[in-house]
>>> print(open('my_file.cif').read())   # mmCIF, C-alpha atoms and all ligand atoms
data_entry
loop_
_atom_site.label_atom_id
_atom_site.label_comp_id
_atom_site.auth_asym_id
_atom_site.auth_seq_id
_atom_site.Cartn_x
_atom_site.Cartn_y
_atom_site.Cartn_z
CA MET A 23 27.99 9.64 -17.89
CA GLN A 24 25.53 11.86 -16.06
CA ILE A 25 22.93 10.52 -13.62
CA ALA A 26 19.94 12.78 -12.95
CA ASP A 27 20.13 15.01 -9.88
CA ARG A 28 16.53 14.17 -8.98
CA LEU A 29 17.55 10.59 -8.23
CA LYS A 30 20.20 11.73 -5.76
CA LYS A 31 17.51 13.12 -3.46
CA ILE A 32 15.81 9.74 -3.17
CA PRO A 33 16.93 7.61 -0.22
CA PRO A 34 17.74 3.96 -1.02
CA TYR A 35 14.50 1.96 -1.22
CA LEU A 36 13.90 0.21 2.08
CA PHE A 37 13.49 -3.26 0.66
CA VAL A 38 16.57 -3.06 -1.52
CA GLU A 39 18.64 -2.45 1.62
CA LEU A 40 16.83 -5.20 3.50
CA ARG A 41 17.36 -7.67 0.69
CA LYS A 42 21.09 -6.91 0.72
CA LYS A 43 21.21 -7.62 4.46
CA ILE A 44 19.28 -10.87 4.04
CA ASN A 45 21.35 -12.07 1.08
CA LYS A 46 24.61 -11.36 2.90
CA ALA A 47 23.53 -13.39 5.94
CA LYS A 48 22.24 -16.23 3.76
CA ALA A 49 25.54 -16.32 1.91
CA GLU A 50 27.17 -16.87 5.32
CA GLY A 51 24.96 -19.91 5.81
CA ILE A 52 22.59 -18.30 8.34
CA ASP A 53 18.94 -19.45 8.26
CA VAL A 54 17.34 -16.02 8.00
CA ILE A 55 13.61 -15.54 8.44
CA SER A 56 12.31 -12.30 6.99
CA LEU A 57 9.19 -10.79 8.49
CA ALA A 58 9.98 -7.53 6.78
CA ILE A 59 8.23 -7.59 3.43
CA GLY A 60 4.49 -7.54 2.72
CA ASP A 61 4.16 -9.95 -0.17
CA PRO A 62 1.69 -12.87 0.14
CA VAL A 63 3.41 -16.26 -0.15
CA GLU A 64 0.24 -18.14 -1.07
CA PRO A 65 -0.13 -18.52 -4.84
CA THR A 66 -2.63 -16.70 -7.03
CA PRO A 67 -5.82 -18.81 -7.27
CA ASP A 68 -5.62 -21.40 -10.10
CA ALA A 69 -8.61 -20.13 -12.07
CA ILE A 70 -7.02 -16.68 -12.42
CA ILE A 71 -3.85 -18.27 -13.83
CA GLU A 72 -5.93 -20.43 -16.20
CA GLU A 73 -7.75 -17.35 -17.49
CA LEU A 74 -4.40 -15.70 -18.22
CA CYS A 75 -3.14 -18.79 -20.07
CA VAL A 76 -6.26 -19.12 -22.23
CA ARG A 77 -6.27 -15.43 -23.16
CA ALA A 78 -2.54 -15.49 -23.89
CA GLN A 79 -3.22 -18.06 -26.67
CA ASP A 80 -5.30 -15.55 -28.62
CA PRO A 81 -3.17 -13.56 -31.11
CA GLU A 82 -5.65 -10.68 -30.82
CA ASN A 83 -4.18 -10.15 -27.37
CA HIS A 84 -0.57 -10.00 -28.55
CA ARG A 85 -0.83 -6.52 -29.95
CA TYR A 86 -0.55 -3.10 -28.25
CA PRO A 87 -3.60 -2.51 -26.09
CA THR A 88 -3.59 1.05 -27.43
CA ASP A 89 -7.24 1.50 -28.37
CA GLU A 90 -8.17 1.17 -24.72
CA GLU A 91 -5.25 2.78 -22.91
CA LYS A 92 -7.36 3.54 -19.85
CA GLY A 93 -7.79 -0.21 -19.49
CA MET A 94 -10.10 -2.57 -21.38
CA PHE A 95 -13.65 -1.38 -21.07
CA ALA A 96 -14.69 -4.82 -19.78
CA PHE A 97 -12.10 -4.50 -16.99
CA ARG A 98 -13.26 -1.01 -16.08
CA ARG A 99 -16.86 -2.22 -16.06
CA GLU A 100 -15.90 -5.03 -13.69
CA ILE A 101 -14.08 -2.59 -11.41
CA ALA A 102 -17.27 -0.49 -11.31
CA SER A 103 -19.26 -3.55 -10.37
CA TRP A 104 -16.71 -4.52 -7.67
CA TYR A 105 -16.76 -1.04 -6.13
CA GLY A 106 -20.55 -1.11 -6.25
CA SER A 107 -20.92 -4.44 -4.52
CA ARG A 108 -18.08 -4.20 -1.99
CA TYR A 109 -18.26 -0.51 -1.03
CA GLY A 110 -21.61 0.70 -2.35
CA VAL A 111 -19.71 3.24 -4.48
CA PRO A 112 -21.12 3.82 -7.99
CA LEU A 113 -18.51 4.55 -10.67
CA ASP A 114 -18.76 5.51 -14.34
CA PRO A 115 -16.40 3.13 -16.20
CA ALA A 116 -15.96 5.68 -19.00
CA SER A 117 -14.68 8.62 -16.94
CA GLU A 118 -14.09 7.52 -13.35
CA ILE A 119 -11.81 4.49 -13.73
CA LEU A 120 -8.25 4.07 -14.97
CA ALA A 121 -6.47 0.70 -15.03
CA LEU A 122 -3.00 0.75 -13.49
CA ILE A 123 0.12 -1.39 -13.33
CA GLY A 124 -0.42 -1.65 -9.54
CA SER A 125 -1.30 1.14 -7.15
CA LYS A 126 2.36 2.11 -6.85
CA GLU A 127 2.26 3.27 -10.45
CA GLY A 128 -0.76 5.37 -9.57
CA CYS A 129 1.18 7.24 -6.87
CA HIS A 130 3.79 8.20 -9.40
CA HIS A 131 1.37 9.24 -12.13
CA PHE A 132 -0.74 11.23 -9.67
CA ILE A 133 2.35 13.37 -9.08
CA LEU A 134 3.31 13.67 -12.74
CA GLY A 135 -0.28 14.45 -13.70
CA CYS A 136 -1.17 16.97 -10.98
CA ILE A 137 1.90 18.60 -9.50
CA ASN A 138 4.30 21.31 -10.67
CA PRO A 139 7.93 21.51 -9.57
CA GLY A 140 8.22 23.28 -6.21
CA ASP A 141 4.69 22.40 -5.06
CA ILE A 142 4.29 21.05 -1.54
CA ILE A 143 2.79 17.57 -1.29
CA LEU A 144 1.65 16.32 2.10
CA MET A 145 2.35 12.77 3.16
CA THR A 146 2.03 10.99 6.46
CA ASP A 147 4.96 10.20 8.73
CA PRO A 148 5.26 7.26 9.17
CA GLY A 149 4.30 6.64 5.55
CA TYR A 150 4.80 4.34 2.57
CA PRO A 151 8.29 5.26 1.24
CA ALA A 152 7.24 5.27 -2.43
CA TYR A 153 5.24 8.50 -1.86
CA ARG A 154 8.37 10.45 -1.04
CA ALA A 155 10.18 8.99 -4.05
CA SER A 156 7.33 9.93 -6.41
CA ILE A 157 7.09 13.45 -4.98
CA LEU A 158 10.84 13.99 -5.36
CA MET A 159 10.95 12.57 -8.89
CA GLY A 160 8.18 14.97 -9.85
CA GLY A 161 10.13 17.93 -8.44
CA GLY A 162 7.71 18.40 -5.53
CA GLU A 163 8.52 19.16 -1.92
CA PRO A 164 7.35 16.46 0.54
CA TYR A 165 5.91 17.76 3.81
CA ASN A 166 5.54 15.19 6.59
CA VAL A 167 2.32 15.16 8.55
CA PRO A 168 2.82 13.16 11.77
CA ILE A 169 0.39 10.36 12.49
CA LEU A 170 0.55 9.37 16.14
CA ALA A 171 -0.82 6.56 18.27
CA GLU A 172 -2.73 9.07 20.44
CA ASN A 173 -4.68 10.19 17.33
CA GLN A 174 -5.32 6.62 16.12
CA TYR A 175 -2.58 7.24 13.55
CA LEU A 176 -4.77 9.73 11.65
CA PRO A 177 -3.48 13.17 10.62
CA VAL A 178 -4.73 16.19 12.55
CA PHE A 179 -5.36 18.75 9.81
CA GLU A 180 -5.56 21.67 12.24
CA ASP A 181 -1.91 21.04 13.16
CA ILE A 182 -0.69 21.63 9.59
CA PRO A 183 0.62 25.23 9.50
CA SER A 184 -1.70 27.32 7.32
CA ASP A 185 1.15 28.63 5.13
CA VAL A 186 2.04 25.01 4.34
CA ALA A 187 -1.59 24.06 3.69
CA LYS A 188 -1.94 27.05 1.36
CA ARG A 189 1.06 25.94 -0.69
CA ALA A 190 0.08 22.26 -0.70
CA LYS A 191 -1.27 20.89 -3.97
CA GLY A 192 -1.68 17.26 -3.04
CA ILE A 193 -1.85 14.79 -0.18
CA PHE A 194 -1.04 11.06 0.01
CA LEU A 195 -2.92 8.97 2.53
CA ASN A 196 -3.24 5.24 2.99
CA TYR A 197 -5.81 3.49 5.25
CA PRO A 198 -5.84 0.64 6.25
CA ASN A 199 -2.42 2.00 6.87
CA ASN A 200 0.96 0.67 5.95
CA PRO A 201 2.89 0.60 8.29
CA THR A 202 0.67 1.12 11.37
CA GLY A 203 -2.34 -1.06 10.45
CA ALA A 204 -4.69 1.77 11.46
CA CYS A 205 -8.03 2.19 9.72
CA ALA A 206 -9.79 5.40 8.79
CA THR A 207 -13.37 6.26 9.69
CA ARG A 208 -16.24 7.80 7.72
CA GLU A 209 -15.97 10.83 9.99
CA PHE A 210 -12.27 11.20 9.13
CA PHE A 211 -13.10 11.12 5.41
CA HIS A 212 -15.41 14.10 5.91
CA ARG A 213 -12.62 16.03 7.62
CA LEU A 214 -10.28 15.11 4.77
CA VAL A 215 -12.74 16.33 2.13
CA ASP A 216 -13.28 19.58 4.07
CA PHE A 217 -9.53 20.16 4.33
CA ALA A 218 -9.00 19.39 0.62
CA ARG A 219 -11.81 21.75 -0.39
CA GLN A 220 -10.65 24.54 1.91
CA TYR A 221 -7.09 24.53 0.55
CA ASP A 222 -7.70 23.15 -2.95
CA VAL A 223 -5.53 20.12 -2.30
CA ALA A 224 -5.86 17.05 -4.57
CA VAL A 225 -6.25 13.85 -2.54
CA CYS A 226 -4.54 10.62 -3.51
CA PHE A 227 -6.12 8.04 -1.22
CA ASP A 228 -4.11 4.87 -1.59
CA ASN A 229 -6.27 1.90 -0.58
CA PRO A 230 -4.56 -1.39 -1.54
CA TYR A 231 -5.35 -2.94 1.88
CA SER A 232 -9.06 -2.11 1.67
CA GLU A 233 -9.95 -5.79 2.03
CA ILE A 234 -7.45 -6.80 4.71
CA LEU A 235 -9.50 -6.16 7.83
CA PHE A 236 -10.00 -7.79 11.25
CA ASP A 237 -12.29 -7.76 14.26
CA GLY A 238 -15.39 -6.52 12.43
CA GLN A 239 -13.69 -3.48 10.91
CA GLU A 240 -15.96 -1.92 8.24
CA ARG A 241 -14.77 -2.04 4.63
CA LEU A 242 -14.22 1.57 3.51
CA SER A 243 -13.53 3.51 0.36
CA PHE A 244 -12.67 7.21 0.47
CA LEU A 245 -15.26 7.68 -2.28
CA MET A 246 -18.01 6.81 0.21
CA ALA A 247 -17.60 10.32 1.58
CA GLU A 248 -19.82 13.02 0.17
CA ARG A 249 -17.99 15.21 -2.39
CA ALA A 250 -14.88 12.99 -2.19
CA ARG A 251 -14.74 12.58 -5.95
CA GLU A 252 -14.67 16.36 -6.36
CA VAL A 253 -11.30 16.45 -4.59
CA GLY A 254 -9.47 13.24 -5.28
CA VAL A 255 -8.83 9.74 -6.51
CA GLU A 256 -8.51 6.41 -4.80
CA LEU A 257 -5.91 3.83 -5.79
CA ASN A 258 -6.57 0.16 -5.35
CA SER A 259 -4.99 -3.07 -6.45
CA LEU A 260 -5.42 -6.78 -6.96
CA SER A 261 -2.01 -7.39 -5.35
CA LYS A 262 -3.07 -8.08 -1.78
CA PRO A 263 -6.66 -9.44 -1.91
CA TYR A 264 -5.94 -11.93 -4.71
CA ASN A 265 -2.25 -12.72 -4.03
CA MET A 266 -1.28 -11.04 -7.29
CA THR A 267 1.63 -8.77 -6.34
CA GLY A 268 3.76 -9.98 -9.23
CA TRP A 269 1.05 -9.45 -11.85
CA ARG A 270 1.12 -5.66 -11.50
CA ILE A 271 -2.50 -4.78 -11.90
CA GLY A 272 -4.60 -2.18 -10.12
CA MET A 273 -6.81 0.84 -10.63
CA ALA A 274 -7.37 4.51 -9.92
CA VAL A 275 -10.97 5.63 -9.44
CA GLY A 276 -12.68 8.91 -8.72
CA ASN A 277 -12.16 12.44 -10.01
CA PRO A 278 -12.34 12.44 -13.83
CA ASP A 279 -9.97 15.41 -14.27
CA ILE A 280 -7.24 13.85 -12.16
CA LEU A 281 -7.75 10.52 -13.94
CA ALA A 282 -7.54 12.21 -17.35
CA ALA A 283 -4.23 13.79 -16.30
CA MET A 284 -2.89 10.46 -15.05
CA SER A 285 -4.10 8.77 -18.21
CA LYS A 286 -2.22 11.28 -20.35
CA VAL A 287 0.96 10.41 -18.44
CA LYS A 288 0.29 6.71 -19.02
CA GLU A 289 -0.46 7.10 -22.73
CA ASN A 290 2.94 8.66 -23.12
CA THR A 291 4.72 6.13 -20.95
CA ASP A 292 3.51 2.55 -21.17
CA SER A 293 0.73 2.16 -23.79
CA GLY A 294 -1.47 0.08 -21.47
CA ILE A 295 -1.58 -3.32 -19.77
CA PHE A 296 -1.24 -6.74 -21.45
CA ASN A 297 -4.86 -7.77 -22.18
CA PRO A 298 -4.60 -11.32 -20.76
CA ILE A 299 -3.64 -9.83 -17.38
CA GLN A 300 -6.73 -7.65 -17.53
CA TYR A 301 -8.91 -10.66 -18.41
CA ALA A 302 -7.41 -12.53 -15.47
CA ALA A 303 -8.12 -9.52 -13.23
CA ILE A 304 -11.74 -9.48 -14.42
CA HIS A 305 -11.99 -13.12 -13.42
CA ALA A 306 -10.51 -12.35 -9.99
CA LEU A 307 -12.87 -9.47 -9.25
CA LYS A 308 -15.88 -11.43 -10.46
CA HIS A 309 -15.27 -14.90 -9.01
CA GLU A 310 -12.56 -14.98 -6.36
CA ALA A 311 -14.06 -13.31 -3.30
CA ALA A 312 -13.54 -16.62 -1.47
CA ASN A 313 -9.78 -16.09 -1.75
CA ILE A 314 -10.09 -12.92 0.29
CA ASP A 315 -12.05 -14.71 3.03
CA ASN A 316 -9.55 -17.53 3.01
CA MET A 317 -6.56 -15.18 3.29
CA LEU A 318 -8.22 -13.26 6.11
CA GLN A 319 -8.55 -16.48 8.09
CA ILE A 320 -4.87 -17.22 7.51
CA TYR A 321 -3.72 -13.72 8.53
CA LYS A 322 -6.01 -13.73 11.56
CA ARG A 323 -4.46 -16.98 12.76
CA ARG A 324 -0.91 -15.71 12.21
CA ARG A 325 -1.72 -12.41 13.88
CA GLU A 326 -2.79 -14.26 17.01
CA VAL A 327 0.37 -16.38 17.00
CA VAL A 328 2.58 -13.27 16.88
CA LEU A 329 0.55 -11.33 19.45
CA GLU A 330 0.63 -14.28 21.82
CA THR A 331 4.42 -14.57 21.56
CA LEU A 332 4.87 -10.84 22.05
CA ARG A 333 2.63 -10.97 25.12
CA ARG A 334 4.77 -13.74 26.54
CA ILE A 335 7.94 -11.67 26.20
CA GLY A 336 6.25 -8.63 27.76
CA ILE A 337 5.30 -6.60 24.67
CA VAL A 338 1.62 -5.88 25.09
CA PHE A 339 -0.38 -3.54 22.85
CA LYS A 340 -3.74 -3.37 21.12
CA PRO A 341 -3.16 -3.73 17.39
CA PRO A 342 -5.24 -1.67 14.94
CA ARG A 343 -7.67 -3.56 12.73
CA GLY A 344 -6.23 -3.49 9.21
CA THR A 345 -3.45 -4.76 6.92
CA PHE A 346 -1.27 -7.83 7.33
CA TYR A 347 1.29 -5.87 9.35
CA LEU A 348 1.78 -5.48 13.07
CA TRP A 349 3.24 -2.18 14.25
CA VAL A 350 4.97 -3.24 17.40
CA PRO A 351 6.36 -0.95 20.12
CA VAL A 352 9.98 -1.77 20.93
CA PRO A 353 11.07 -2.36 24.54
CA GLN A 354 11.60 0.77 26.66
CA GLY A 355 14.98 2.41 26.31
CA MET A 356 15.69 1.01 22.84
CA THR A 357 15.45 2.67 19.43
CA SER A 358 13.83 0.93 16.48
CA LEU A 359 17.23 0.27 14.98
CA ASP A 360 18.68 -1.05 18.27
CA PHE A 361 15.85 -3.54 18.46
CA THR A 362 16.01 -4.68 14.83
CA ASP A 363 19.75 -5.22 15.21
CA ILE A 364 19.43 -7.13 18.49
CA LEU A 365 16.63 -9.22 17.02
CA PHE A 366 18.72 -10.07 13.98
CA ASP A 367 21.84 -10.87 15.98
CA ARG A 368 20.02 -13.12 18.45
CA THR A 369 17.48 -14.81 16.16
CA ALA A 370 18.38 -14.17 12.48
CA ILE A 371 14.94 -12.61 12.07
CA VAL A 372 14.62 -9.53 9.90
CA VAL A 373 11.89 -6.98 10.59
CA ALA A 374 11.45 -3.44 9.28
CA ALA A 375 12.58 -0.65 11.63
CA GLY A 376 9.83 1.91 12.16
CA THR A 377 12.18 4.73 11.21
CA ALA A 378 12.35 3.36 7.66
CA TYR A 379 8.87 4.91 7.32
CA GLY A 380 9.77 8.29 8.78
CA ARG A 381 10.98 9.85 11.99
CA TYR A 382 7.66 9.32 13.76
CA GLY A 383 8.18 5.61 13.22
CA GLU A 384 10.79 5.76 16.01
CA GLY A 385 9.96 3.35 18.81
CA TYR A 386 8.32 0.75 16.54
CA ILE A 387 9.11 -2.17 14.29
CA ARG A 388 6.84 -3.56 11.56
CA ILE A 389 6.19 -7.29 11.38
CA SER A 390 4.62 -8.73 8.24
CA LEU A 391 2.35 -11.79 8.38
CA THR A 392 3.04 -12.84 4.78
CA VAL A 393 5.27 -15.79 5.65
CA PRO A 394 4.34 -19.48 5.66
CA ASP A 395 2.83 -20.71 8.94
CA GLY A 396 5.76 -23.04 9.66
CA ARG A 397 8.34 -20.27 9.26
CA LEU A 398 6.31 -17.90 11.38
CA LYS A 399 6.06 -20.52 14.12
CA GLU A 400 9.82 -21.09 13.94
CA ALA A 401 10.39 -17.32 14.12
CA MET A 402 8.18 -16.98 17.18
CA GLU A 403 9.94 -19.89 18.91
CA ARG A 404 13.28 -18.20 18.29
CA ILE A 405 12.00 -14.89 19.65
CA GLU A 406 10.54 -16.47 22.75
CA LYS A 407 13.75 -18.34 23.45
CA ALA A 408 15.93 -15.27 22.94
CA PHE A 409 13.87 -12.82 24.99
CA THR A 410 12.66 -14.79 28.01
C1 LIG B 501 0.61 1.67 0.93
C2 LIG B 501 0.95 0.92 -0.29
N1 LIG B 501 0.63 1.44 -1.48
C3 LIG B 501 0.93 0.80 -2.63
C4 LIG B 501 1.58 -0.42 -2.60
C5 LIG B 501 1.91 -1.06 -3.91
O1 LIG B 501 0.94 -1.93 -4.29
P1 LIG B 501 0.81 -2.46 -5.79
O2 LIG B 501 1.32 -3.85 -5.78
O3 LIG B 501 -0.64 -2.37 -6.09
O4 LIG B 501 1.61 -1.55 -6.65
C6 LIG B 501 1.94 -1.00 -1.40
C7 LIG B 501 2.66 -2.28 -1.38
O5 LIG B 501 3.16 -2.77 -0.42
C8 LIG B 501 1.61 -0.32 -0.21
O6 LIG B 501 1.95 -0.82 0.99
#
>>> encode(input="my_file.cif", output="structure tokens")
Amino acid sequence: MQIADRLKKIPPYLFVELRKKINKAKAEGIDVISLAIGDPVEPTPDAIIEELCVRAQDPENHRYPTDEEKGMFAFRREIASWYGSRYGVPLDPASEILALIGSKEGCHHFILGCINPGDIILMTDPGYPAYRASILMGGGEPYNVPILAENQYLPVFEDIPSDVAKRAKGIFLNYPNNPTGACATREFFHRLVDFARQYDVAVCFDNPYSEILFDGQERLSFLMAERAREVGVELNSLSKPYNMTGWRIGMAVGNPDILAAMSKVKENTDSGIFNPIQYAAIHALKHEAANIDNMLQIYKRRREVVLETLRRIGIVFKPPRGTFYLWVPVPQGMTSLDFTDILFDRTAIVVAAGTAYGRYGEGYIRISLTVPDGRLKEAMERIEKAFT
């Protein structure tokens, strides 16, 4: 049996490898604590679940959602209202919003909708690994744009060689950034729009952490920038703000032509999203802002616990102000992999090596705060004991 060549180019997905490592250790009876994966452990708020259950009883909702493949109009209208109230961004639900099965799906359909085989697509290094996979599956050529601490982990467009920029047809960016936690600025958005206009590059601004912010960081959407919707789309998701990772529900907003292309891919792939999930998402966007505030308090507390422990073992750094990850420099003289291995051997704690996100991730590990308080405390006690 033949397996497609395009799949051979894709490196094994980071979390699949991590899960194998964790499962192997657990099978040996080791009490492993994983701080590697960004998946909230707190449940989805009850009222969202109740809305799903009620809507699932209605046979009208058991059929293909085909007459509204872009997403139920009521859901798109609610997304418009959410973007209006949280970001001050007006959106037309008819042409500027597409419902998605999570923002990850949007990355993939952006490529299938906008890119031809052989096109260069820019992505940051370090960067979310799914971008590379989508680019490769679409026959594109990924080009890594370094994002470095000295530039606040933002790309420097002038450093992209002009022959590369001329061949580039798309760019993936994600701020608040996974893995570094860095946030963008309004000024950066202007530079991004200028770059995209100069080289006719379609922007896919992936924003699923738009609500996970600390220390007074301003809530930002790429579409706040003037002319942004002429050049790109923004992806967002209910996964992180409403603890709904498993529900698979999100949205793409912005440029109508790009959205129409992505929608055509979707129409021919999945026929839309189960209506009760969309009703539940409407409820979340409309009524569950308190969950976001509550989660931010929890992450803030955990962030402090980790930073305090790291300080005590001599790892001192100023963390950026977004996401529920900490991008932690490893001790001098060690590589990311050395440190993850030593950490695992001495404490049975799993973290993500920075190099899993690209070569410029060397020298860092990523710690996720999506673990129960008690387990995080236990993890920090183990680390302190092992490294002091
Ligand atoms: C940068 C980035 N984009 C997209 C996703 C996927 O989110 P969703 O659950 O909305 O598909 C993640 C999940 O971790 C992420 O970190």
>>> residues_near_ligand(input="my_file.cif", ligand="ligand LIG 501 (chain B)", cutoff="7 Å", atoms="all atoms listed in the file", output="number ranges by chain")
A: 60, 123-127, 150, 196, 199-200, 228-230, 258-261, 267, 270-272
>>> closest_residue(input="my_file.cif", among="A:Asp292, A:Glu100, A:Asp216, A:Glu163", to="Tyr86 of chain A", atoms="all atoms listed in the file")
A:Asp292
>>> atom_distance(input="my_file.cif", atom1="atom CA of Gln24 of chain A", atom2="atom CA of Met159 of chain A")
16.3 Å
>>> residues_around(input="my_file.cif", residues="Thr369 of chain A", least_positions_apart="6", cutoff="7 Å", atoms="only C-alpha atoms", output="MDAnalysis selection string")
chainID A and resid 404:405 408
>>> residues_around(input="my_file.cif", residues="Met145 of chain A", least_positions_apart="4", cutoff="7 Å", atoms="only C-alpha atoms", output="list in words")
Gly149, Pro164, Tyr165, Asn166, Val167, Ile193, Phe194 and Leu195 of chain A
>>> write_last_selection(input="my_file.cif", atoms="C-alpha atoms", output="PDB file, in the frame of the given file")
ATOM      1  CA  GLY A 149       4.300   6.640   5.550  1.00  0.00           C
ATOM      2  CA  PRO A 164       7.350  16.460   0.540  1.00  0.00           C
ATOM      3  CA  TYR A 165       5.910  17.760   3.810  1.00  0.00           C
ATOM      4  CA  ASN A 166       5.540  15.190   6.590  1.00  0.00           C
ATOM      5  CA  VAL A 167       2.320  15.160   8.550  1.00  0.00           C
ATOM      6  CA  ILE A 193      -1.850  14.790  -0.180  1.00  0.00           C
ATOM      7  CA  PHE A 194      -1.040  11.060   0.010  1.00  0.00           C
ATOM      8  CA  LEU A 195      -2.920   8.970   2.530  1.00  0.00           C
TER       9      LEU A 195
END
>>> residues_around(input="my_file.cif", residues="Lys92 of chain A", least_positions_apart="6", cutoff="8 Å", atoms="all atoms listed in the file", output="ChimeraX atom specification")
/A:119-121,285,294
>>> closest_residue(input="my_file.cif", among="A:Ala116, A:Leu332, A:Met266, A:Ile44", to="Ala303 of chain A", atoms="all atoms listed in the file")
A:Met266
>>> decode(input="my_file.cif", residues="segment 279-337 of chain A", atoms="C-alpha atoms", output="PDB file, in the first residue's frame")
ATOM      1  CA  ASP A 279     -11.717  36.742  -0.560  1.00  0.00           C
ATOM      2  CA  ILE A 280      -9.461  34.632   1.635  1.00  0.00           C
ATOM      3  CA  LEU A 281     -12.472  33.532   3.699  1.00  0.00           C
ATOM      4  CA  ALA A 282     -14.392  32.579   0.546  1.00  0.00           C
ATOM      5  CA  ALA A 283     -11.428  30.441  -0.556  1.00  0.00           C
ATOM      6  CA  MET A 284     -11.206  28.779   2.861  1.00  0.00           C
ATOM      7  CA  SER A 285     -14.953  28.261   2.865  1.00  0.00           C
ATOM      8  CA  LYS A 286     -14.780  26.500  -0.496  1.00  0.00           C
ATOM      9  CA  VAL A 287     -12.203  24.111   0.969  1.00  0.00           C
ATOM     10  CA  LYS A 288     -14.486  23.484   3.942  1.00  0.00           C
ATOM     11  CA  GLU A 289     -17.607  22.935   1.840  1.00  0.00           C
ATOM     12  CA  ASN A 290     -15.749  20.185   0.059  1.00  0.00           C
ATOM     13  CA  THR A 291     -14.273  18.686   3.189  1.00  0.00           C
ATOM     14  CA  ASP A 292     -16.468  18.698   6.282  1.00  0.00           C
ATOM     15  CA  SER A 293     -19.954  20.129   5.534  1.00  0.00           C
ATOM     16  CA  GLY A 294     -19.944  22.352   8.630  1.00  0.00           C
ATOM     17  CA  ILE A 295     -20.039  22.122  12.422  1.00  0.00           C
ATOM     18  CA  PHE A 296     -22.638  20.274  14.548  1.00  0.00           C
ATOM     19  CA  ASN A 297     -25.257  22.960  15.346  1.00  0.00           C
ATOM     20  CA  PRO A 298     -25.476  22.255  19.105  1.00  0.00           C
ATOM     21  CA  ILE A 299     -21.742  23.025  19.402  1.00  0.00           C
ATOM     22  CA  GLN A 300     -22.349  26.328  17.648  1.00  0.00           C
ATOM     23  CA  TYR A 301     -25.259  27.130  19.985  1.00  0.00           C
ATOM     24  CA  ALA A 302     -23.022  26.329  22.952  1.00  0.00           C
ATOM     25  CA  ALA A 303     -20.327  28.599  21.477  1.00  0.00           C
ATOM     26  CA  ILE A 304     -22.877  31.409  21.121  1.00  0.00           C
ATOM     27  CA  HIS A 305     -23.687  30.994  24.788  1.00  0.00           C
ATOM     28  CA  ALA A 306     -19.990  31.113  25.699  1.00  0.00           C
ATOM     29  CA  LEU A 307     -19.264  34.276  23.720  1.00  0.00           C
ATOM     30  CA  LYS A 308     -22.380  35.982  25.049  1.00  0.00           C
ATOM     31  CA  HIS A 309     -22.382  35.013  28.729  1.00  0.00           C
ATOM     32  CA  GLU A 310     -19.099  33.520  29.911  1.00  0.00           C
ATOM     33  CA  ALA A 311     -16.650  36.419  30.062  1.00  0.00           C
ATOM     34  CA  ALA A 312     -16.328  35.703  33.795  1.00  0.00           C
ATOM     35  CA  ASN A 313     -14.654  32.392  32.936  1.00  0.00           C
ATOM     36  CA  ILE A 314     -11.864  34.277  31.200  1.00  0.00           C
ATOM     37  CA  ASP A 315     -11.306  36.510  34.233  1.00  0.00           C
ATOM     38  CA  ASN A 316     -11.365  33.501  36.501  1.00  0.00           C
ATOM     39  CA  MET A 317      -8.838  31.577  34.388  1.00  0.00           C
ATOM     40  CA  LEU A 318      -6.548  34.600  34.217  1.00  0.00           C
ATOM     41  CA  GLN A 319      -6.449  34.727  38.009  1.00  0.00           C
ATOM     42  CA  ILE A 320      -5.572  31.024  38.102  1.00  0.00           C
ATOM     43  CA  TYR A 321      -2.807  31.331  35.480  1.00  0.00           C
ATOM     44  CA  LYS A 322      -1.429  34.455  37.138  1.00  0.00           C
ATOM     45  CA  ARG A 323      -1.120  32.614  40.441  1.00  0.00           C
ATOM     46  CA  ARG A 324       0.553  29.599  38.817  1.00  0.00           C
ATOM     47  CA  ARG A 325       2.874  31.835  36.826  1.00  0.00           C
ATOM     48  CA  GLU A 326       4.128  33.400  40.041  1.00  0.00           C
ATOM     49  CA  VAL A 327       4.655  29.993  41.658  1.00  0.00           C
ATOM     50  CA  VAL A 328       6.829  28.840  38.742  1.00  0.00           C
ATOM     51  CA  LEU A 329       8.755  32.106  38.454  1.00  0.00           C
ATOM     52  CA  GLU A 330       9.465  32.075  42.172  1.00  0.00           C
ATOM     53  CA  THR A 331      10.830  28.520  42.034  1.00  0.00           C
ATOM     54  CA  LEU A 332      12.956  29.321  38.996  1.00  0.00           C
ATOM     55  CA  ARG A 333      14.338  32.391  40.770  1.00  0.00           C
ATOM     56  CA  ARG A 334      15.290  30.226  43.725  1.00  0.00           C
ATOM     57  CA  ILE A 335      17.286  27.853  41.536  1.00  0.00           C
ATOM     58  CA  GLY A 336      19.015  30.752  39.777  1.00  0.00           C
ATOM     59  CA  ILE A 337      16.973  31.049  36.569  1.00  0.00           C
TER      60      ILE A 337
END
